[in-house]
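J.: I'd like to ask you about the structure that follows.
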2 protein chains.
Amino acid sequence: MYRKDGMVKLSDIARELGLSLTTVSRALNNYSDVSPKTKKLVIETAKRLGYIPNLSARGLALRKNHLVSLFYYDYVNSGPYQPFTFEVVAGIRKFFSNTKYDLIMIPETRRGRKSQSLKSICYSRGVDGLIILGILTDDPYIEELKADFIPTVFLDYPLLSKKVSYVESDNIKGCMLAIDYLVSQGHRRIAFINGHELAAVSSVRLKGYMEGLKKHNIEFDPEITEIGDYTERSGYFAARNLFLKEKNITAIFAASDLMAIGAIRGLNDIGLKVPDDVAVVGYDDILLAEYFQPRLTTIRQHKFELGFQAAAELHSIMENPNHEPKARTIKVELIIRDSA
Amino acid sequence: MYRKDGMVKLSDIARELGLSLTTVSRALNNYSDVSPKTKKLVIETAKRLGYIPNLSARGLALRKNHLVSLFYYDYVNSGPYQPFTFEVVAGIRKFFSNTKYDLIMIPETRRGRKSQSLKSICYSRGVDGLIILGILTDDPYIEELKADFIPTVFLDYPLLSKKVSYVESDNIKGCMLAIDYLVSQGHRRIAFINGHELAAVSSVRLKGYMEGLKKHNIEFDPEITEIGDYTERSGYFAARNLFLKEKNITAIFAASDLMAIGAIRGLNDIGLKVPDDVAVVGYDDILLAEYFQPRLTTIRQHKFELGFQAAAELHSIMENPNHEPKARTIKVELIIRDSA
DNA sequence: AAATCTATCCAAAGCGCTTTGGAAATTATG
DNA sequence: CATAATTTCCAAAGCGCTTTGGATAGATTT
């Protein structure tokens, strides 16, 4: 804390007005046992003297710091993971801007990778709640969180208990929209490039893909499902692998835009044009999707809304002791462009 | 077991060992007036009991919270400002992950737009330092910061005093690289799409552009400089305006990739092809740059490094009382692709 | 042996705030 | 009018930690 000397504190206001510390505190906190006249006086004096409350002291007394900790990865596999995370965080920031909570980011590597338990990180800063983006299914923190020790909201990881909840896009619906659209364009042999099992959404999207096929009486064929890691590179090789095994594929549905882009490039390199020879549908609708050539037909996730709703859910859990955590599902949208 | 909420505190360790609170505290803080034997004992016991220090209490006593506040805009004009910000923040996070500082984001709109002074925001949370990204030149916070009340580092805003410093890309060099390259490709009539004056970098880039021209004995012509707002849309119209006035332009240098992309689209819409009819060079090297068609020739800013160095500079100011704030300049790089 | 150091420890005060459990002053009630 | 109820205020304890200014016992010096 910088140059805290000269800071006006409650006792200064009390002295100035000949009141007790207690009364000043209660006046500023709008308690009912302070007369309106005194309240007004205290508030005015506080403003006049430039009083700034010390939240550390308040936190200490209240055992509540109005602090939410935000966890996310800066990098996923190959590169910086901006396309998704940034907007989600924007939504979170937006929600909390109307509350008394601030957001704190605690480098998980503060002392070596995961050497500190989540609990110690949270308790030491007096964090009141957690928002966790894009956690991998093998992350050791998950076990800790299951113990339900702190209000938590996950993005895209389904965990629900007394104090923890999650928010996700309607992945099933999203995948079905993609399949519906491809089928409506006459495709029946639709391959799937999914992400790995470390991302919880992967299994959901596989399910959505299968349900989509089923709806149109297309049999699921594991042969034409490839596993990538959500990066462009993995999409590239996945697409090539698909066509090594099977020439009749007319469409590819990829579980991320980056993989879709990779797939398109992979196809180009083996002489196949998108959308003429093969149709490709992506997932996410990241910024790139509408700038890439061909512009990507994709399933849009409302990233800002995901963040905003995650924050809202967490806020409910924290503020309302008998709030029943409830998963929130955000609508998705088919964005038709040129790749399919 | 030790307290209602189960948190172990220093006094619990003291009681367990029959030591005083003072000694336990000093042992954990590695003071020299505690015997090695006692130290070892205290540390072991702390670990055994699962002691987690309460940083609010420590902050209160020390008047120092090891907290850095991060300011950035989620949106710039039209859309989310991910391309640049996210990676810069990643660099900042990376640096602080090896320190004892955590990052806090305080929604500036906590109670209406800019209604709270920076000072009150910082002092209330006991923030020790500030990093400020992409501030506009008319932002009221700037005046406050000039008062030098808290260690601060700006990105791309040149302010230097006892406790405040800044980090920026080598914008002059960047612009000159662009011009050098265009000239080497035979261009002499090079238009410039700059950003507005609200961004401090704009004037620097204009200067760089002019120096670049001068170096090659090309006269600066204000007629072929347009002002945009760093968005694609503004680049679109800027490019069209340029060709409304003047048909001899053979190259455009844009002060952001988004404006470059907009310019290319604007040119396409009036029947001009890039790079065949007009060469376009962008600035930033955002993710889009290499996916757009044509792939963008541009000046790469090392965003991660910008963030990392900003954090490092701030750390120096905070930790070392007689550190002389010093602006840091990050190298830029010409990335040659297809648009020029 | 007494006097002086030195290493090790601790009681208590304080950081700025909230809250408990009354007390005093005021108003209402019988 | 005395008593009860209400309003308004406050002293003091406590949140968990650091630090100041000794105290104590053992080691060293004279």
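Ordering of the structure tokens sets the chain letters (A, B, ...); residue numbers start at 1 within each chain; ligands are numbered from 1 in the order shown.
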Pull out every residue of chain C that has at least one atom within 12 Å of chain B, counting only C-alpha atoms (C1' of nucleotides), and report them as a PDB file with all heavy atoms, in the first residue's frame.
T.:
```pdb
ATOM      1  P    DT C   6      28.601  -8.177  21.153  1.00  0.00           P
ATOM      2  OP1  DT C   6      29.761  -8.434  20.276  1.00  0.00           O
ATOM      3  OP2  DT C   6      27.750  -6.985  20.964  1.00  0.00           O
ATOM      4  O5'  DT C   6      27.657  -9.465  21.141  1.00  0.00           O
ATOM      5  C5'  DT C   6      28.104 -10.672  21.752  1.00  0.00           C
ATOM      6  C4'  DT C   6      27.046 -11.758  21.591  1.00  0.00           C
ATOM      7  O4'  DT C   6      26.244 -11.842  22.805  1.00  0.00           O
ATOM      8  C3'  DT C   6      26.057 -11.542  20.454  1.00  0.00           C
ATOM      9  O3'  DT C   6      25.947 -12.776  19.773  1.00  0.00           O
ATOM     10  C2'  DT C   6      24.762 -11.134  21.130  1.00  0.00           C
ATOM     11  C1'  DT C   6      24.886 -11.868  22.471  1.00  0.00           C
ATOM     12  N1   DT C   6      24.168 -11.243  23.626  1.00  0.00           N
ATOM     13  C2   DT C   6      23.538 -12.057  24.528  1.00  0.00           C
ATOM     14  O2   DT C   6      23.527 -13.258  24.441  1.00  0.00           O
ATOM     15  N3   DT C   6      22.921 -11.385  25.564  1.00  0.00           N
ATOM     16  C4   DT C   6      22.880 -10.018  25.764  1.00  0.00           C
ATOM     17  O4   DT C   6      22.308  -9.544  26.732  1.00  0.00           O
ATOM     18  C5   DT C   6      23.555  -9.224  24.779  1.00  0.00           C
ATOM     19  C7   DT C   6      23.563  -7.743  24.898  1.00  0.00           C
ATOM     20  C6   DT C   6      24.163  -9.863  23.753  1.00  0.00           C
ATOM     21  P    DA C   7      25.199 -12.952  18.381  1.00  0.00           P
ATOM     22  OP1  DA C   7      26.133 -13.509  17.407  1.00  0.00           O
ATOM     23  OP2  DA C   7      24.468 -11.698  18.087  1.00  0.00           O
ATOM     24  O5'  DA C   7      24.145 -14.087  18.755  1.00  0.00           O
ATOM     25  C5'  DA C   7      24.552 -15.143  19.630  1.00  0.00           C
ATOM     26  C4'  DA C   7      23.338 -15.804  20.223  1.00  0.00           C
ATOM     27  O4'  DA C   7      22.809 -14.992  21.294  1.00  0.00           O
ATOM     28  C3'  DA C   7      22.179 -16.008  19.232  1.00  0.00           C
ATOM     29  O3'  DA C   7      21.690 -17.329  19.414  1.00  0.00           O
ATOM     30  C2'  DA C   7      21.151 -14.950  19.617  1.00  0.00           C
ATOM     31  C1'  DA C   7      21.407 -14.817  21.113  1.00  0.00           C
ATOM     32  N9   DA C   7      21.093 -13.497  21.673  1.00  0.00           N
ATOM     33  C8   DA C   7      21.409 -12.275  21.155  1.00  0.00           C
ATOM     34  N7   DA C   7      21.017 -11.260  21.909  1.00  0.00           N
ATOM     35  C5   DA C   7      20.405 -11.870  22.975  1.00  0.00           C
ATOM     36  C6   DA C   7      19.766 -11.358  24.127  1.00  0.00           C
ATOM     37  N6   DA C   7      19.667 -10.044  24.385  1.00  0.00           N
ATOM     38  N1   DA C   7      19.253 -12.240  25.002  1.00  0.00           N
ATOM     39  C2   DA C   7      19.362 -13.551  24.750  1.00  0.00           C
ATOM     40  N3   DA C   7      19.933 -14.149  23.709  1.00  0.00           N
ATOM     41  C4   DA C   7      20.438 -13.240  22.855  1.00  0.00           C
ATOM     42  P    DT C   8      20.509 -17.891  18.492  1.00  0.00           P
ATOM     43  OP1  DT C   8      20.638 -19.360  18.443  1.00  0.00           O
ATOM     44  OP2  DT C   8      20.451 -17.074  17.269  1.00  0.00           O
ATOM     45  O5'  DT C   8      19.241 -17.539  19.385  1.00  0.00           O
ATOM     46  C5'  DT C   8      19.033 -18.277  20.579  1.00  0.00           C
ATOM     47  C4'  DT C   8      17.834 -17.714  21.274  1.00  0.00           C
ATOM     48  O4'  DT C   8      18.033 -16.323  21.572  1.00  0.00           O
ATOM     49  C3'  DT C   8      16.534 -17.771  20.484  1.00  0.00           C
ATOM     50  O3'  DT C   8      15.753 -18.806  21.050  1.00  0.00           O
ATOM     51  C2'  DT C   8      15.915 -16.389  20.645  1.00  0.00           C
ATOM     52  C1'  DT C   8      16.753 -15.770  21.760  1.00  0.00           C
ATOM     53  N1   DT C   8      16.906 -14.295  21.767  1.00  0.00           N
ATOM     54  C2   DT C   8      16.446 -13.607  22.852  1.00  0.00           C
ATOM     55  O2   DT C   8      15.911 -14.133  23.808  1.00  0.00           O
ATOM     56  N3   DT C   8      16.630 -12.239  22.780  1.00  0.00           N
ATOM     57  C4   DT C   8      17.223 -11.530  21.751  1.00  0.00           C
ATOM     58  O4   DT C   8      17.338 -10.319  21.804  1.00  0.00           O
ATOM     59  C5   DT C   8      17.691 -12.322  20.653  1.00  0.00           C
ATOM     60  C7   DT C   8      18.355 -11.667  19.485  1.00  0.00           C
ATOM     61  C6   DT C   8      17.505 -13.660  20.700  1.00  0.00           C
ATOM     62  P    DC C   9      14.289 -19.122  20.477  1.00  0.00           P
ATOM     63  OP1  DC C   9      13.911 -20.451  20.965  1.00  0.00           O
ATOM     64  OP2  DC C   9      14.281 -18.801  19.041  1.00  0.00           O
ATOM     65  O5'  DC C   9      13.411 -18.037  21.242  1.00  0.00           O
ATOM     66  C5'  DC C   9      13.003 -18.322  22.581  1.00  0.00           C
ATOM     67  C4'  DC C   9      12.448 -17.065  23.198  1.00  0.00           C
ATOM     68  O4'  DC C   9      13.211 -15.925  22.772  1.00  0.00           O
ATOM     69  C3'  DC C   9      11.021 -16.730  22.815  1.00  0.00           C
ATOM     70  O3'  DC C   9      10.159 -17.161  23.864  1.00  0.00           O
ATOM     71  C2'  DC C   9      11.000 -15.207  22.676  1.00  0.00           C
ATOM     72  C1'  DC C   9      12.423 -14.790  23.023  1.00  0.00           C
ATOM     73  N1   DC C   9      12.934 -13.672  22.203  1.00  0.00           N
ATOM     74  C2   DC C   9      12.910 -12.379  22.734  1.00  0.00           C
ATOM     75  O2   DC C   9      12.454 -12.215  23.875  1.00  0.00           O
ATOM     76  N3   DC C   9      13.373 -11.351  21.999  1.00  0.00           N
ATOM     77  C4   DC C   9      13.871 -11.575  20.779  1.00  0.00           C
ATOM     78  N4   DC C   9      14.338 -10.536  20.083  1.00  0.00           N
ATOM     79  C5   DC C   9      13.915 -12.888  20.213  1.00  0.00           C
ATOM     80  C6   DC C   9      13.439 -13.893  20.954  1.00  0.00           C
ATOM     81  P    DC C  10       8.625 -17.278  23.571  1.00  0.00           P
ATOM     82  OP1  DC C  10       8.124 -18.358  24.442  1.00  0.00           O
ATOM     83  OP2  DC C  10       8.412 -17.315  22.104  1.00  0.00           O
ATOM     84  O5'  DC C  10       8.083 -15.887  24.112  1.00  0.00           O
ATOM     85  C5'  DC C  10       8.410 -15.474  25.430  1.00  0.00           C
ATOM     86  C4'  DC C  10       7.995 -14.040  25.613  1.00  0.00           C
ATOM     87  O4'  DC C  10       8.848 -13.182  24.822  1.00  0.00           O
ATOM     88  C3'  DC C  10       6.557 -13.743  25.154  1.00  0.00           C
ATOM     89  O3'  DC C  10       5.899 -13.062  26.190  1.00  0.00           O
ATOM     90  C2'  DC C  10       6.734 -12.828  23.944  1.00  0.00           C
ATOM     91  C1'  DC C  10       8.047 -12.150  24.280  1.00  0.00           C
ATOM     92  N1   DC C  10       8.785 -11.626  23.099  1.00  0.00           N
ATOM     93  C2   DC C  10       9.110 -10.268  23.065  1.00  0.00           C
ATOM     94  O2   DC C  10       8.770  -9.531  24.005  1.00  0.00           O
ATOM     95  N3   DC C  10       9.796  -9.778  21.990  1.00  0.00           N
ATOM     96  C4   DC C  10      10.142 -10.601  21.003  1.00  0.00           C
ATOM     97  N4   DC C  10      10.816 -10.082  19.980  1.00  0.00           N
ATOM     98  C5   DC C  10       9.825 -11.988  21.023  1.00  0.00           C
ATOM     99  C6   DC C  10       9.152 -12.458  22.077  1.00  0.00           C
ATOM    100  P    DA C  11       4.388 -13.351  26.495  1.00  0.00           P
ATOM    101  OP1  DA C  11       4.318 -14.373  27.565  1.00  0.00           O
ATOM    102  OP2  DA C  11       3.684 -13.555  25.235  1.00  0.00           O
ATOM    103  O5'  DA C  11       3.969 -11.955  27.119  1.00  0.00           O
ATOM    104  C5'  DA C  11       4.898 -11.257  27.942  1.00  0.00           C
ATOM    105  C4'  DA C  11       4.550  -9.781  27.985  1.00  0.00           C
ATOM    106  O4'  DA C  11       5.181  -9.105  26.867  1.00  0.00           O
ATOM    107  C3'  DA C  11       3.064  -9.458  27.877  1.00  0.00           C
ATOM    108  O3'  DA C  11       2.833  -8.280  28.636  1.00  0.00           O
ATOM    109  C2'  DA C  11       2.862  -9.240  26.384  1.00  0.00           C
ATOM    110  C1'  DA C  11       4.185  -8.586  25.983  1.00  0.00           C
ATOM    111  N9   DA C  11       4.649  -8.914  24.632  1.00  0.00           N
ATOM    112  C8   DA C  11       4.521 -10.113  23.968  1.00  0.00           C
ATOM    113  N7   DA C  11       5.075 -10.115  22.781  1.00  0.00           N
ATOM    114  C5   DA C  11       5.597  -8.848  22.651  1.00  0.00           C
ATOM    115  C6   DA C  11       6.306  -8.228  21.612  1.00  0.00           C
ATOM    116  N6   DA C  11       6.627  -8.826  20.477  1.00  0.00           N
ATOM    117  N1   DA C  11       6.687  -6.946  21.793  1.00  0.00           N
ATOM    118  C2   DA C  11       6.382  -6.342  22.944  1.00  0.00           C
ATOM    119  N3   DA C  11       5.720  -6.827  24.006  1.00  0.00           N
ATOM    120  C4   DA C  11       5.345  -8.095  23.781  1.00  0.00           C
ATOM    121  P    DA C  12       1.384  -7.652  28.740  1.00  0.00           P
ATOM    122  OP1  DA C  12       1.336  -6.971  30.053  1.00  0.00           O
ATOM    123  OP2  DA C  12       0.371  -8.665  28.376  1.00  0.00           O
ATOM    124  O5'  DA C  12       1.446  -6.541  27.603  1.00  0.00           O
ATOM    125  C5'  DA C  12       2.649  -5.770  27.466  1.00  0.00           C
ATOM    126  C4'  DA C  12       2.453  -4.717  26.402  1.00  0.00           C
ATOM    127  O4'  DA C  12       2.906  -5.224  25.121  1.00  0.00           O
ATOM    128  C3'  DA C  12       1.003  -4.291  26.187  1.00  0.00           C
ATOM    129  O3'  DA C  12       1.024  -2.929  25.813  1.00  0.00           O
ATOM    130  C2'  DA C  12       0.559  -5.175  25.037  1.00  0.00           C
ATOM    131  C1'  DA C  12       1.827  -5.147  24.192  1.00  0.00           C
ATOM    132  N9   DA C  12       1.982  -6.255  23.257  1.00  0.00           N
ATOM    133  C8   DA C  12       1.458  -7.512  23.327  1.00  0.00           C
ATOM    134  N7   DA C  12       1.789  -8.284  22.322  1.00  0.00           N
ATOM    135  C5   DA C  12       2.582  -7.476  21.537  1.00  0.00           C
ATOM    136  C6   DA C  12       3.257  -7.701  20.328  1.00  0.00           C
ATOM    137  N6   DA C  12       3.218  -8.859  19.668  1.00  0.00           N
ATOM    138  N1   DA C  12       3.965  -6.679  19.811  1.00  0.00           N
ATOM    139  C2   DA C  12       4.013  -5.521  20.471  1.00  0.00           C
ATOM    140  N3   DA C  12       3.419  -5.189  21.623  1.00  0.00           N
ATOM    141  C4   DA C  12       2.715  -6.226  22.104  1.00  0.00           C
ATOM    142  P    DA C  13      -0.301  -2.047  25.811  1.00  0.00           P
ATOM    143  OP1  DA C  13      -0.252  -1.216  27.028  1.00  0.00           O
ATOM    144  OP2  DA C  13      -1.460  -2.911  25.529  1.00  0.00           O
ATOM    145  O5'  DA C  13      -0.014  -1.097  24.555  1.00  0.00           O
ATOM    146  C5'  DA C  13       1.344  -0.788  24.223  1.00  0.00           C
ATOM    147  C4'  DA C  13       1.429  -0.476  22.747  1.00  0.00           C
ATOM    148  O4'  DA C  13       1.595  -1.693  21.985  1.00  0.00           O
ATOM    149  C3'  DA C  13       0.169   0.197  22.197  1.00  0.00           C
ATOM    150  O3'  DA C  13       0.581   1.230  21.299  1.00  0.00           O
ATOM    151  C2'  DA C  13      -0.554  -0.931  21.479  1.00  0.00           C
ATOM    152  C1'  DA C  13       0.629  -1.740  20.952  1.00  0.00           C
ATOM    153  N9   DA C  13       0.341  -3.138  20.662  1.00  0.00           N
ATOM    154  C8   DA C  13      -0.437  -4.006  21.374  1.00  0.00           C
ATOM    155  N7   DA C  13      -0.495  -5.217  20.860  1.00  0.00           N
ATOM    156  C5   DA C  13       0.308  -5.131  19.736  1.00  0.00           C
ATOM    157  C6   DA C  13       0.664  -6.077  18.748  1.00  0.00           C
ATOM    158  N6   DA C  13       0.233  -7.342  18.758  1.00  0.00           N
ATOM    159  N1   DA C  13       1.478  -5.655  17.759  1.00  0.00           N
ATOM    160  C2   DA C  13       1.907  -4.399  17.760  1.00  0.00           C
ATOM    161  N3   DA C  13       1.639  -3.418  18.628  1.00  0.00           N
ATOM    162  C4   DA C  13       0.831  -3.864  19.597  1.00  0.00           C
ATOM    163  P    DG C  14      -0.491   2.295  20.775  1.00  0.00           P
ATOM    164  OP1  DG C  14       0.192   3.596  20.759  1.00  0.00           O
ATOM    165  OP2  DG C  14      -1.762   2.091  21.483  1.00  0.00           O
ATOM    166  O5'  DG C  14      -0.684   1.821  19.266  1.00  0.00           O
ATOM    167  C5'  DG C  14       0.475   1.628  18.476  1.00  0.00           C
ATOM    168  C4'  DG C  14       0.095   0.981  17.188  1.00  0.00           C
ATOM    169  O4'  DG C  14      -0.062  -0.446  17.393  1.00  0.00           O
ATOM    170  C3'  DG C  14      -1.242   1.469  16.614  1.00  0.00           C
ATOM    171  O3'  DG C  14      -1.049   1.818  15.264  1.00  0.00           O
ATOM    172  C2'  DG C  14      -2.158   0.277  16.728  1.00  0.00           C
ATOM    173  C1'  DG C  14      -1.172  -0.867  16.636  1.00  0.00           C
ATOM    174  N9   DG C  14      -1.640  -2.121  17.172  1.00  0.00           N
ATOM    175  C8   DG C  14      -2.340  -2.344  18.338  1.00  0.00           C
ATOM    176  N7   DG C  14      -2.637  -3.602  18.522  1.00  0.00           N
ATOM    177  C5   DG C  14      -2.098  -4.253  17.418  1.00  0.00           C
ATOM    178  C6   DG C  14      -2.102  -5.624  17.058  1.00  0.00           C
ATOM    179  O6   DG C  14      -2.600  -6.571  17.663  1.00  0.00           O
ATOM    180  N1   DG C  14      -1.447  -5.842  15.847  1.00  0.00           N
ATOM    181  C2   DG C  14      -0.854  -4.869  15.095  1.00  0.00           C
ATOM    182  N2   DG C  14      -0.279  -5.266  13.966  1.00  0.00           N
ATOM    183  N3   DG C  14      -0.842  -3.584  15.415  1.00  0.00           N
ATOM    184  C4   DG C  14      -1.476  -3.354  16.576  1.00  0.00           C
ATOM    185  P    DC C  15      -2.044   2.877  14.571  1.00  0.00           P
ATOM    186  OP1  DC C  15      -1.300   4.134  14.379  1.00  0.00           O
ATOM    187  OP2  DC C  15      -3.340   2.872  15.283  1.00  0.00           O
ATOM    188  O5'  DC C  15      -2.284   2.224  13.158  1.00  0.00           O
ATOM    189  C5'  DC C  15      -1.226   1.740  12.362  1.00  0.00           C
ATOM    190  C4'  DC C  15      -1.808   0.744  11.394  1.00  0.00           C
ATOM    191  O4'  DC C  15      -1.828  -0.543  12.026  1.00  0.00           O
ATOM    192  C3'  DC C  15      -3.265   1.023  11.039  1.00  0.00           C
ATOM    193  O3'  DC C  15      -3.301   1.816   9.841  1.00  0.00           O
ATOM    194  C2'  DC C  15      -3.858  -0.372  10.803  1.00  0.00           C
ATOM    195  C1'  DC C  15      -2.863  -1.325  11.476  1.00  0.00           C
ATOM    196  N1   DC C  15      -3.413  -2.125  12.601  1.00  0.00           N
ATOM    197  C2   DC C  15      -3.304  -3.510  12.571  1.00  0.00           C
ATOM    198  O2   DC C  15      -2.766  -4.047  11.592  1.00  0.00           O
ATOM    199  N3   DC C  15      -3.806  -4.245  13.597  1.00  0.00           N
ATOM    200  C4   DC C  15      -4.387  -3.624  14.637  1.00  0.00           C
ATOM    201  N4   DC C  15      -4.854  -4.390  15.623  1.00  0.00           N
ATOM    202  C5   DC C  15      -4.497  -2.214  14.694  1.00  0.00           C
ATOM    203  C6   DC C  15      -4.005  -1.505  13.663  1.00  0.00           C
ATOM    204  P    DG C  16      -4.096   3.207   9.833  1.00  0.00           P
ATOM    205  OP1  DG C  16      -3.632   3.944   8.654  1.00  0.00           O
ATOM    206  OP2  DG C  16      -4.027   3.828  11.168  1.00  0.00           O
ATOM    207  O5'  DG C  16      -5.592   2.762   9.577  1.00  0.00           O
ATOM    208  C5'  DG C  16      -5.918   2.107   8.377  1.00  0.00           C
ATOM    209  C4'  DG C  16      -7.280   1.483   8.499  1.00  0.00           C
ATOM    210  O4'  DG C  16      -7.251   0.474   9.528  1.00  0.00           O
ATOM    211  C3'  DG C  16      -8.397   2.447   8.904  1.00  0.00           C
ATOM    212  O3'  DG C  16      -9.457   2.268   7.997  1.00  0.00           O
ATOM    213  C2'  DG C  16      -8.749   2.031  10.323  1.00  0.00           C
ATOM    214  C1'  DG C  16      -8.433   0.550  10.283  1.00  0.00           C
ATOM    215  N9   DG C  16      -8.152  -0.044  11.573  1.00  0.00           N
ATOM    216  C8   DG C  16      -7.520   0.546  12.646  1.00  0.00           C
ATOM    217  N7   DG C  16      -7.418  -0.252  13.682  1.00  0.00           N
ATOM    218  C5   DG C  16      -8.018  -1.437  13.269  1.00  0.00           C
ATOM    219  C6   DG C  16      -8.204  -2.659  13.971  1.00  0.00           C
ATOM    220  O6   DG C  16      -7.876  -2.947  15.119  1.00  0.00           O
ATOM    221  N1   DG C  16      -8.855  -3.607  13.185  1.00  0.00           N
ATOM    222  C2   DG C  16      -9.268  -3.398  11.895  1.00  0.00           C
ATOM    223  N2   DG C  16      -9.876  -4.418  11.303  1.00  0.00           N
ATOM    224  N3   DG C  16      -9.102  -2.254  11.231  1.00  0.00           N
ATOM    225  C4   DG C  16      -8.474  -1.321  11.973  1.00  0.00           C
ATOM    226  P    DC C  17     -10.817   3.018   8.053  1.00  0.00           P
ATOM    227  OP1  DC C  17     -11.219   3.346   6.689  1.00  0.00           O
ATOM    228  OP2  DC C  17     -10.744   4.068   9.087  1.00  0.00           O
ATOM    229  O5'  DC C  17     -11.782   1.862   8.588  1.00  0.00           O
ATOM    230  C5'  DC C  17     -12.120   0.806   7.708  1.00  0.00           C
ATOM    231  C4'  DC C  17     -12.638  -0.370   8.486  1.00  0.00           C
ATOM    232  O4'  DC C  17     -11.800  -0.602   9.626  1.00  0.00           O
ATOM    233  C3'  DC C  17     -14.025  -0.204   9.086  1.00  0.00           C
ATOM    234  O3'  DC C  17     -14.975  -0.746   8.172  1.00  0.00           O
ATOM    235  C2'  DC C  17     -13.999  -1.036  10.342  1.00  0.00           C
ATOM    236  C1'  DC C  17     -12.531  -1.377  10.539  1.00  0.00           C
ATOM    237  N1   DC C  17     -12.055  -1.054  11.904  1.00  0.00           N
ATOM    238  C2   DC C  17     -12.099  -2.061  12.866  1.00  0.00           C
ATOM    239  O2   DC C  17     -12.562  -3.169  12.562  1.00  0.00           O
ATOM    240  N3   DC C  17     -11.652  -1.801  14.117  1.00  0.00           N
ATOM    241  C4   DC C  17     -11.167  -0.599  14.408  1.00  0.00           C
ATOM    242  N4   DC C  17     -10.720  -0.386  15.655  1.00  0.00           N
ATOM    243  C5   DC C  17     -11.115   0.454  13.442  1.00  0.00           C
ATOM    244  C6   DC C  17     -11.570   0.180  12.202  1.00  0.00           C
TER     245       DC C  17
END
```
J.: Counting only C-alpha atoms (C1' of nucleotides), which residues of chain D fall within 8 Å of chain A, and what is the closest atom pair for each with its distance in Å at one decimal, ordered by chain and rising number, as a tab-separated table?
T.:
```
residue	atom	partner	partner_atom	distance
D:DT7	C1'	A:Asp33	CA	7.3
D:DT8	C1'	A:Val34	CA	6.1
D:DC9	C1'	A:Thr23	CA	6.8
D:DC10	C1'	A:Ser20	CA	6.0
D:DG14	C1'	A:Ala61	CA	8.0
D:DC15	C1'	A:Ala61	CA	4.4
D:DG16	C1'	A:Leu60	CA	7.6
```
J.: The selected residues should be written to file as a PDB file, in the first residue's frame (atoms: C-alpha atoms (C1' of nucleotides)).
T.:
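Heads up, here's the output in out16.pdb:
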```
ATOM      1  C1'  DT D   7     -34.176   6.329  19.754  1.00  0.00           C
ATOM      2  C1'  DT D   8     -29.492   7.523  19.497  1.00  0.00           C
ATOM      3  C1'  DC D   9     -25.124   6.900  20.735  1.00  0.00           C
ATOM      4  C1'  DC D  10     -20.648   4.738  22.488  1.00  0.00           C
ATOM      5  C1'  DG D  14     -11.823  -8.412  18.143  1.00  0.00           C
ATOM      6  C1'  DC D  15     -10.388  -9.581  13.004  1.00  0.00           C
ATOM      7  C1'  DG D  16      -4.880 -11.791  12.120  1.00  0.00           C
TER       8       DG D  16
END
```
J.: As a ChimeraX atom specification, could you give me every residue of chain A near chain B (at most 8 Å apart, counting only C-alpha atoms)?
T.: /A:1-2,4,52-57,59-60,74,80,82-83,86-87,90,93-94,96-100,102-111,120,123-126,287-288,291-293
J.: State, in Å with one decimal place, the distance from atom CA of Asn29 of chain B to atom C1' of DA23 of chain D.
T.: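 That distance, rounded to one decimal, is 22.1 Å.
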J.: What lies within 12 Å of Leu213 of chain B using only C-alpha atoms (C1' of nucleotides), ignoring chain neighbours under 5 positions off, as a list in words?
T.: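 In the requested form, the answer reads Ile172, Cys175, Met176, Leu177, Ala178, Ile179, Asp180, Tyr181, Leu182, Val183, His187, Arg188, Arg189, Ile190, Ala191, Phe192, Leu206, Lys207, Gly208, Ile218, Glu219, Phe220, Asp221 and Phe253 of chain B.
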J.: Using the chain letters and numbers from this document, which residues of segment 94-292 of chain A does DSSP assign to helix (DSSP H, G or I), as a ChimeraX atom specification?
T.: /A:94-96,118-125,141-146,171-184,200-215,222-224,232-245,257-269,287-290
J.: From segment 42-190 of chain B, collect each residue whose DSSP state is strand (DSSP E or B) and return the set as a PyMOL selection string.
T.: chain B and resi 67-71+75-76+79-80+102-105+110+112+129-133+136+152-155+164-169+190
